[in-house]
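One file, protein03.cif, is given below (mmCIF, C-alpha atoms).
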data_coords
#
loop_
_atom_site.group_PDB
_atom_site.id
_atom_site.type_symbol
_atom_site.label_atom_id
_atom_site.label_comp_id
_atom_site.auth_asym_id
_atom_site.auth_seq_id
_atom_site.Cartn_x
_atom_site.Cartn_y
_atom_site.Cartn_z
ATOM 1 C CA MET P 1 6.583 -11.222 8.240
ATOM 2 C CA PRO P 2 8.360 -7.891 8.844
ATOM 3 C CA ASP P 3 10.805 -7.773 11.703
ATOM 4 C CA SER P 4 9.518 -5.307 14.290
ATOM 5 C CA GLY P 5 13.054 -4.806 15.583
ATOM 6 C CA ALA P 6 14.265 -4.003 19.060
ATOM 7 C CA GLY P 7 12.798 -1.231 21.162
ATOM 8 C CA PRO P 8 9.301 -1.446 22.626
ATOM 9 C CA GLY P 9 8.315 -4.537 24.547
ATOM 10 C CA PRO P 10 5.169 -6.630 24.102
ATOM 11 C CA ASP P 11 1.934 -4.702 23.613
ATOM 12 C CA THR P 12 0.262 -5.210 26.974
ATOM 13 C CA ARG P 13 -2.736 -3.011 26.181
ATOM 14 C CA PRO P 14 -6.147 -4.714 26.380
ATOM 15 C CA PRO P 15 -7.882 -5.102 22.997
ATOM 16 C CA ARG P 16 -9.323 -1.768 21.931
ATOM 17 C CA PRO P 17 -12.774 -1.430 20.393
ATOM 18 C CA THR P 18 -13.224 -0.917 16.686
ATOM 19 C CA ARG P 19 -12.961 2.685 15.633
ATOM 20 C CA THR P 20 -15.787 3.887 13.403
ATOM 21 C CA ILE P 21 -14.514 6.373 10.819
ATOM 22 C CA GLY P 22 -17.054 8.980 9.792
ATOM 23 C CA ASP P 23 -15.207 12.208 8.906
ATOM 24 C CA ALA P 24 -14.065 13.110 5.411
ATOM 25 C CA GLN P 25 -10.478 13.970 6.385
ATOM 26 C CA SER P 26 -9.792 10.579 7.983
ATOM 27 C CA LEU P 27 -11.539 8.686 5.198
ATOM 28 C CA GLN P 28 -9.612 10.530 2.490
ATOM 29 C CA ALA P 29 -6.314 10.000 4.281
ATOM 30 C CA LEU P 30 -6.843 6.271 4.703
ATOM 31 C CA ALA P 31 -7.927 5.828 1.067
ATOM 32 C CA HIS P 32 -4.301 6.396 0.022
ATOM 33 C CA PRO P 33 -2.914 2.954 -0.974
ATOM 34 C CA THR P 34 0.423 3.543 0.769
ATOM 35 C CA ARG P 35 -1.289 4.422 4.037
ATOM 36 C CA LEU P 36 -3.489 1.361 3.854
ATOM 37 C CA GLY P 37 -0.359 -0.676 3.182
ATOM 38 C CA LEU P 38 1.350 0.844 6.203
ATOM 39 C CA MET P 39 -1.602 0.055 8.447
ATOM 40 C CA GLU P 40 -1.614 -3.556 7.256
ATOM 41 C CA ALA P 41 2.157 -3.855 7.673
ATOM 42 C CA ILE P 42 2.027 -2.534 11.236
ATOM 43 C CA ALA P 43 -0.767 -4.991 12.048
ATOM 44 C CA LEU P 44 1.452 -7.849 10.844
ATOM 45 C CA ALA P 45 4.652 -6.682 12.527
ATOM 46 C CA GLY P 46 3.245 -5.229 15.745
ATOM 47 C CA THR P 47 5.447 -2.145 15.406
ATOM 48 C CA LEU P 48 7.316 -0.583 12.507
ATOM 49 C CA THR P 49 9.621 2.362 11.993
ATOM 50 C CA ALA P 50 9.655 4.433 8.812
ATOM 51 C CA THR P 51 12.869 2.711 7.764
ATOM 52 C CA GLN P 52 11.433 -0.768 8.315
ATOM 53 C CA ALA P 53 8.163 0.189 6.639
ATOM 54 C CA SER P 54 10.080 1.356 3.586
ATOM 55 C CA GLU P 55 11.242 -2.208 2.940
ATOM 56 C CA VAL P 56 7.691 -3.528 3.226
ATOM 57 C CA VAL P 57 5.627 -1.053 1.190
ATOM 58 C CA GLY P 58 8.280 -0.134 -1.364
ATOM 59 C CA GLU P 59 8.380 3.594 -0.622
ATOM 60 C CA SER P 60 11.316 5.674 0.581
ATOM 61 C CA PRO P 61 11.867 6.116 4.333
ATOM 62 C CA THR P 62 11.106 9.830 3.875
ATOM 63 C CA ALA P 63 7.751 9.083 2.241
ATOM 64 C CA CYS P 64 6.910 6.477 4.864
ATOM 65 C CA ALA P 65 7.794 8.879 7.681
ATOM 66 C CA TYR P 66 5.415 11.450 6.175
ATOM 67 C CA HIS P 67 2.541 8.987 5.796
ATOM 68 C CA LEU P 68 3.105 7.620 9.296
ATOM 69 C CA ARG P 69 2.906 11.138 10.729
ATOM 70 C CA VAL P 70 -0.375 11.707 8.880
ATOM 71 C CA LEU P 71 -1.799 8.464 10.246
ATOM 72 C CA GLY P 72 -0.549 9.379 13.709
ATOM 73 C CA ARG P 73 -2.060 12.857 13.562
ATOM 74 C CA LEU P 74 -5.438 11.380 12.662
ATOM 75 C CA GLY P 75 -5.285 8.824 15.480
ATOM 76 C CA PHE P 76 -4.894 5.655 13.425
ATOM 77 C CA ILE P 77 -1.460 4.822 14.870
ATOM 78 C CA GLU P 78 0.588 5.981 17.818
ATOM 79 C CA GLU P 79 4.215 5.985 18.859
ATOM 80 C CA ALA P 80 5.239 2.783 20.588
ATOM 81 C CA GLY P 81 8.123 4.379 22.469
ATOM 82 C CA GLY P 82 11.855 4.410 21.800
ATOM 83 C CA GLY P 83 13.735 5.619 18.755
ATOM 84 C CA ARG P 84 13.897 9.037 17.162
ATOM 85 C CA GLY P 85 13.075 10.463 13.770
ATOM 86 C CA ARG P 86 12.632 7.741 11.166
ATOM 87 C CA GLU P 87 13.607 5.129 13.744
ATOM 88 C CA ARG P 88 10.561 5.801 15.933
ATOM 89 C CA PRO P 89 8.396 2.657 16.093
ATOM 90 C CA TRP P 90 4.654 3.017 15.506
ATOM 91 C CA ARG P 91 1.809 0.720 16.499
ATOM 92 C CA LEU P 92 -1.930 0.597 15.807
ATOM 93 C CA ALA P 93 -4.026 2.827 18.027
ATOM 94 C CA HIS P 94 -7.056 0.551 17.574
ATOM 95 C CA TRP P 95 -7.374 -3.108 16.682
ATOM 96 C CA GLY P 96 -10.247 -2.778 14.223
ATOM 97 C CA TYR P 97 -11.836 -0.172 11.958
ATOM 98 C CA SER P 98 -15.153 0.273 10.202
ATOM 99 C CA ILE P 99 -16.739 2.961 8.048
ATOM 100 C CA ALA P 100 -19.756 4.795 9.460
ATOM 101 C CA GLU P 101 -23.004 3.835 7.746
ATOM 102 C CA ASP P 102 -25.109 6.912 8.503
ATOM 103 C CA ILE P 103 -23.175 9.484 6.461
ATOM 104 C CA ASP P 104 -25.287 12.347 5.094
ATOM 105 C CA ASP P 105 -22.610 14.793 3.961
ATOM 106 C CA PRO P 106 -21.926 14.282 0.195
ATOM 107 C CA ASP P 107 -18.166 14.912 0.483
ATOM 108 C CA THR P 108 -17.833 12.479 3.369
ATOM 109 C CA ALA P 109 -19.938 9.880 1.547
ATOM 110 C CA GLN P 110 -17.704 10.224 -1.517
ATOM 111 C CA ALA P 111 -14.599 9.792 0.639
ATOM 112 C CA ALA P 112 -16.125 6.685 2.224
ATOM 113 C CA LYS P 113 -16.822 5.249 -1.231
ATOM 114 C CA ALA P 114 -13.234 5.929 -2.316
ATOM 115 C CA LEU P 115 -11.836 4.179 0.763
ATOM 116 C CA SER P 116 -14.156 1.201 0.299
ATOM 117 C CA LYS P 117 -13.121 0.901 -3.360
ATOM 118 C CA THR P 118 -9.400 1.024 -2.547
ATOM 119 C CA TRP P 119 -9.807 -1.519 0.261
ATOM 120 C CA VAL P 120 -11.833 -3.981 -1.851
ATOM 121 C CA GLU P 121 -9.357 -3.732 -4.734
ATOM 122 C CA ARG P 122 -6.480 -4.558 -2.371
ATOM 123 C CA LEU P 123 -8.387 -7.545 -1.021
ATOM 124 C CA ILE P 124 -9.157 -8.887 -4.491
ATOM 125 C CA ALA P 125 -5.528 -8.472 -5.554
ATOM 126 C CA ARG P 126 -4.329 -10.417 -2.499
ATOM 127 C CA ILE P 127 -6.888 -13.182 -3.024
ATOM 128 C CA ARG P 128 -5.815 -13.574 -6.647
ATOM 129 C CA ALA P 129 -2.134 -13.612 -5.723
ATOM 130 C CA PHE P 130 -2.704 -16.262 -3.050
ATOM 131 C CA GLU P 131 -4.711 -18.498 -5.389
ATOM 132 C CA VAL P 132 -1.753 -18.498 -7.793
ATOM 133 C CA ALA P 133 0.656 -19.474 -4.999
ATOM 134 C CA ARG P 134 -1.687 -21.661 -2.935
ATOM 135 C CA THR P 135 -0.425 -25.034 -4.175
ATOM 136 C CA GLY P 136 3.051 -24.127 -2.916
ATOM 137 C CA PHE P 137 1.856 -24.112 0.699
ATOM 138 C CA PRO P 138 1.780 -27.205 2.944
ATOM 139 C CA ALA P 139 -1.294 -29.412 2.756
ATOM 140 C CA ASP P 140 -2.604 -28.273 6.148
ATOM 141 C CA VAL P 141 -2.577 -24.656 4.964
ATOM 142 C CA GLN P 142 -4.236 -25.532 1.663
ATOM 143 C CA SER P 143 -6.984 -27.390 3.497
ATOM 144 C CA VAL P 144 -8.027 -24.358 5.545
ATOM 145 C CA THR P 145 -7.696 -21.654 2.890
ATOM 146 C CA GLY P 146 -9.564 -20.800 -0.277
ATOM 147 C CA ALA P 147 -13.080 -19.594 -1.019
ATOM 148 C CA TYR P 148 -16.279 -20.689 0.690
ATOM 149 C CA GLN P 149 -19.541 -19.768 -0.987
ATOM 150 C CA SER P 150 -23.121 -20.283 0.092
ATOM 151 C CA ILE P 151 -26.483 -18.769 -0.871
ATOM 152 C CA VAL P 152 -28.489 -17.716 2.167
ATOM 153 C CA PHE P 153 -32.153 -16.692 1.976
ATOM 154 C CA ALA P 154 -32.530 -14.434 4.979
ATOM 155 C CA THR P 155 -33.770 -11.082 6.185
ATOM 156 C CA PRO P 156 -31.331 -8.206 6.762
ATOM 157 C CA ALA P 157 -31.897 -8.653 10.503
ATOM 158 C CA GLU P 158 -30.893 -12.315 10.275
ATOM 159 C CA LEU P 159 -27.758 -11.401 8.316
ATOM 160 C CA ALA P 160 -26.925 -8.811 10.957
ATOM 161 C CA ARG P 161 -27.047 -11.518 13.640
ATOM 162 C CA MET P 162 -24.917 -13.819 11.480
ATOM 163 C CA HIS P 163 -22.366 -11.032 11.072
ATOM 164 C CA GLU P 164 -22.235 -10.554 14.842
ATOM 165 C CA GLU P 165 -21.706 -14.281 15.386
ATOM 166 C CA LEU P 166 -18.907 -14.492 12.812
ATOM 167 C CA ALA P 167 -17.254 -11.378 14.229
ATOM 168 C CA ALA P 168 -17.372 -12.888 17.716
ATOM 169 C CA VAL P 169 -15.529 -15.999 16.509
ATOM 170 C CA VAL P 170 -12.814 -14.043 14.706
ATOM 171 C CA SER P 171 -12.408 -11.562 17.557
ATOM 172 C CA LYS P 172 -11.183 -14.384 19.824
ATOM 173 C CA HIS P 173 -7.850 -14.015 18.048
ATOM 174 C CA ILE P 174 -7.687 -10.204 18.047
ATOM 175 C CA GLY P 175 -5.169 -10.196 20.888
ATOM 176 C CA ARG P 176 -2.607 -11.792 18.581
ATOM 177 C CA LEU P 177 -2.090 -8.452 16.911
ATOM 178 C CA ASP P 178 0.414 -8.345 19.764
ATOM 179 C CA PRO P 179 3.307 -10.491 18.464
ATOM 180 C CA ALA P 180 4.011 -11.736 21.997
ATOM 181 C CA GLN P 181 0.685 -13.613 21.982
ATOM 182 C CA ARG P 182 1.259 -15.493 18.705
ATOM 183 C CA LEU P 183 1.777 -19.243 18.843
ATOM 184 C CA PRO P 184 4.771 -21.031 17.284
ATOM 185 C CA GLY P 185 4.042 -21.942 13.677
ATOM 186 C CA HIS P 186 1.401 -19.239 13.230
ATOM 187 C CA LEU P 187 0.645 -17.666 9.858
ATOM 188 C CA PRO P 188 -1.102 -14.349 9.122
ATOM 189 C CA PHE P 189 -4.374 -15.746 7.736
ATOM 190 C CA GLU P 190 -6.752 -13.127 6.363
ATOM 191 C CA VAL P 191 -10.423 -13.953 6.906
ATOM 192 C CA VAL P 192 -12.701 -12.035 4.520
ATOM 193 C CA THR P 193 -16.501 -12.053 4.467
ATOM 194 C CA PHE P 194 -18.216 -10.186 1.658
ATOM 195 C CA VAL P 195 -21.988 -10.396 1.460
ATOM 196 C CA HIS P 196 -23.863 -9.252 -1.631
ATOM 197 C CA VAL P 197 -27.392 -9.607 -2.993
ATOM 198 C CA LEU P 198 -27.915 -11.941 -5.943
ATOM 199 C CA SER P 199 -30.339 -10.996 -8.685
ATOM 200 C CA THR P 200 -33.189 -13.470 -9.282
ATOM 201 C CA ALA P 201 -34.367 -11.780 -12.480
ATOM 202 C CA GLY P 202 -35.618 -14.283 -15.031
ATOM 203 C CA LEU P 203 -35.860 -17.116 -12.501
ATOM 204 C CA GLY P 204 -39.585 -16.771 -11.948
ATOM 205 C CA GLY P 205 -39.238 -15.503 -8.433
ATOM 206 C CA GLU P 206 -39.552 -12.151 -6.746
ATOM 207 C CA ASP P 207 -36.480 -10.142 -7.659
ATOM 208 C CA ALA P 208 -34.354 -8.389 -5.067
ATOM 209 C CA PRO P 209 -34.536 -4.587 -4.908
ATOM 210 C CA ALA P 210 -32.476 -2.914 -7.599
ATOM 211 C CA ALA P 211 -29.067 -1.734 -6.494
ATOM 212 C CA PRO P 212 -28.462 2.030 -6.487
ATOM 213 C CA ASP P 213 -26.349 3.557 -9.224
ATOM 214 C CA PRO P 214 -22.615 3.478 -8.410
#

Please express what this file holds, its structure, as structure tokens.
Amino acid sequence: MPDSGAGPGPDTRPPRPTRTIGDAQSLQALAHPTRLGLMEAIALAGTLTATQASEVVGESPTACAYHLRVLGRLGFIEEAGGGRGRERPWRLAHWGYSIAEDIDDPDTAQAAKALSKTWVERLIARIRAFEVARTGFPADVQSVTGAYQSIVFATPAELARMHEELAAVVSKHIGRLDPAQRLPGHLPFEVVTFVHVLSTAGLGGEDAPAAPDP
């Protein structure tokens, strides 16, 4: 885990609600892989400066400082106090993000699709990397990680309620984005839920609606 360094004290802010992103500028900015990497790195560390972030995301301090300013200008992160220039620490402005679902503008919808694609590709890459390294972790970590798959026959409304219930369980730990609230021996587990519709074509049953063209 990145060292957040000296400077700001524990994040005493109450958990902030999820920010729903629905404008093209913010969506396009966040679709940049380096900026997504910076957001993830700050979530892990609590706070990061451009110099510290450089060691994590593999970009120069100058590039990181630029991307951090962009994220700050768009309200994704904020200064945590202390430091100057590239040594200013940044922290997340919100503790959760989602993409707006009711987007009508074509440019904004395209930007949302680009962000979703970049995000999913990063998730898949991390899952693959962990599966390769998984046997090197202690047995207690191996026992609680890995894929879980189940087929659920349900209505969209039922899945919406299931999503709310799962989110409520995970959100109990949201406060630990503040490093001061993390327990000894903690690890940064990533919990991913991805729901998709299976095709029943050729199985003798009523097929699901066809997916729209990508």

Practice problem: Please evaluate the PyMOL selection byres ((chain P and resi 105-116) around 6) against the displayed coordinates and give the resulting residues as a ChimeraX atom specification. | Solution: /P:24,27-28,31,103-104,117-119

Serialized selection, C-alpha atoms, as an mmCIF file, keeping the file's coordinate frame:
data_model
loop_
_atom_site.group_PDB
_atom_site.id
_atom_site.type_symbol
_atom_site.label_atom_id
_atom_site.label_comp_id
_atom_site.auth_asym_id
_atom_site.auth_seq_id
_atom_site.Cartn_x
_atom_site.Cartn_y
_atom_site.Cartn_z
ATOM 1 C CA ALA P 24 -14.065 13.110 5.411
ATOM 2 C CA LEU P 27 -11.539 8.686 5.198
ATOM 3 C CA GLN P 28 -9.612 10.530 2.490
ATOM 4 C CA ALA P 31 -7.927 5.828 1.067
ATOM 5 C CA ILE P 103 -23.175 9.484 6.461
ATOM 6 C CA ASP P 104 -25.287 12.347 5.094
ATOM 7 C CA LYS P 117 -13.121 0.901 -3.360
ATOM 8 C CA THR P 118 -9.400 1.024 -2.547
ATOM 9 C CA TRP P 119 -9.807 -1.519 0.261
#

Quiz item: Can you tell me, as a PyMOL selection string, what residues are no more than 10 Å from Leu48 in chain P when counting all atoms listed in the file, ignoring any on the same chain fewer than 3 positions away?
Solution: chain P and resi 2-5+38-39+41-45+51-54+56+68+79-80+86-92

Practice problem: Fewer than 5 positions away in the same chain doesn't count, so skip those; otherwise give me all residues within 12 Å of Leu166 in chain P, counting only C-alpha atoms, as a PyMOL selection string. | Solution: chain P and resi 159-161+171-172+191-194

Go ahead and dump the residues you just picked, C-alpha atoms, as a short mmCIF file (atom, residue, chain, number, x, y, z; two decimals), in the coordinates of the input.
data_model
loop_
_atom_site.label_atom_id
_atom_site.label_comp_id
_atom_site.auth_asym_id
_atom_site.auth_seq_id
_atom_site.Cartn_x
_atom_site.Cartn_y
_atom_site.Cartn_z
CA LEU P 159 -27.76 -11.40 8.32
CA ALA P 160 -26.92 -8.81 10.96
CA ARG P 161 -27.05 -11.52 13.64
CA SER P 171 -12.41 -11.56 17.56
CA LYS P 172 -11.18 -14.38 19.82
CA VAL P 191 -10.42 -13.95 6.91
CA VAL P 192 -12.70 -12.04 4.52
CA THR P 193 -16.50 -12.05 4.47
CA PHE P 194 -18.22 -10.19 1.66
#

Quiz item: Can you list, as a count of residues only, the residues that the PyMOL selection byres ((chain P and resi 152-154) around 12) selects here?
Solution: 17

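CA of Gly46 in chain P is positioned 10.9 Å from CA of Trp95 in chain P.
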
Practice problem: Identify, on the basis of all atoms listed in the file, every residue whose closest approach to range 146-148 of chain P does not exceed 12 Å; exclude the query and any residue fewer than 3 positions from it along the same chain; express the result as an NGL selection string. | Solution: :P and (124 or 126-135 or 137 or 141-143 or 151 or 189-195)

Practice problem: Enter the distance from CA of Asp102 in chain P to CA of Asp23 in chain P, in Å, rounded to one decimal. | Solution: 11.2 Å

Exercise. Just give me the gap between CA of Glu101 in chain P and CA of Ala201 in chain P in Å, one decimal is fine.
Key: 28.0 Å

Exercise. Can you work out which one of P:Ile174, P:Val70, P:Ala180, P:Ala93 has the shortest atom-to-atom distance to Ser26 in chain P, counting only C-alpha atoms?
Key: P:Val70

Practice problem: Go through P:Arg176, P:Arg84, P:Arg122, P:Arg19 one by one, measure the shortest atom-to-atom distance of each to Ile99 in chain P using all atoms listed in the file, and give the residue with the smallest value. | Solution: P:Arg19

Practice problem: Return the single residue from P:Ser98, P:Gly85, P:Thr47, P:Arg182 that is closest to Thr62 in chain P, with distances computed using only C-alpha atoms. | Solution: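 When distances to Thr62 in chain P are compared using only C-alpha atoms, the smallest one comes from P:Gly85.
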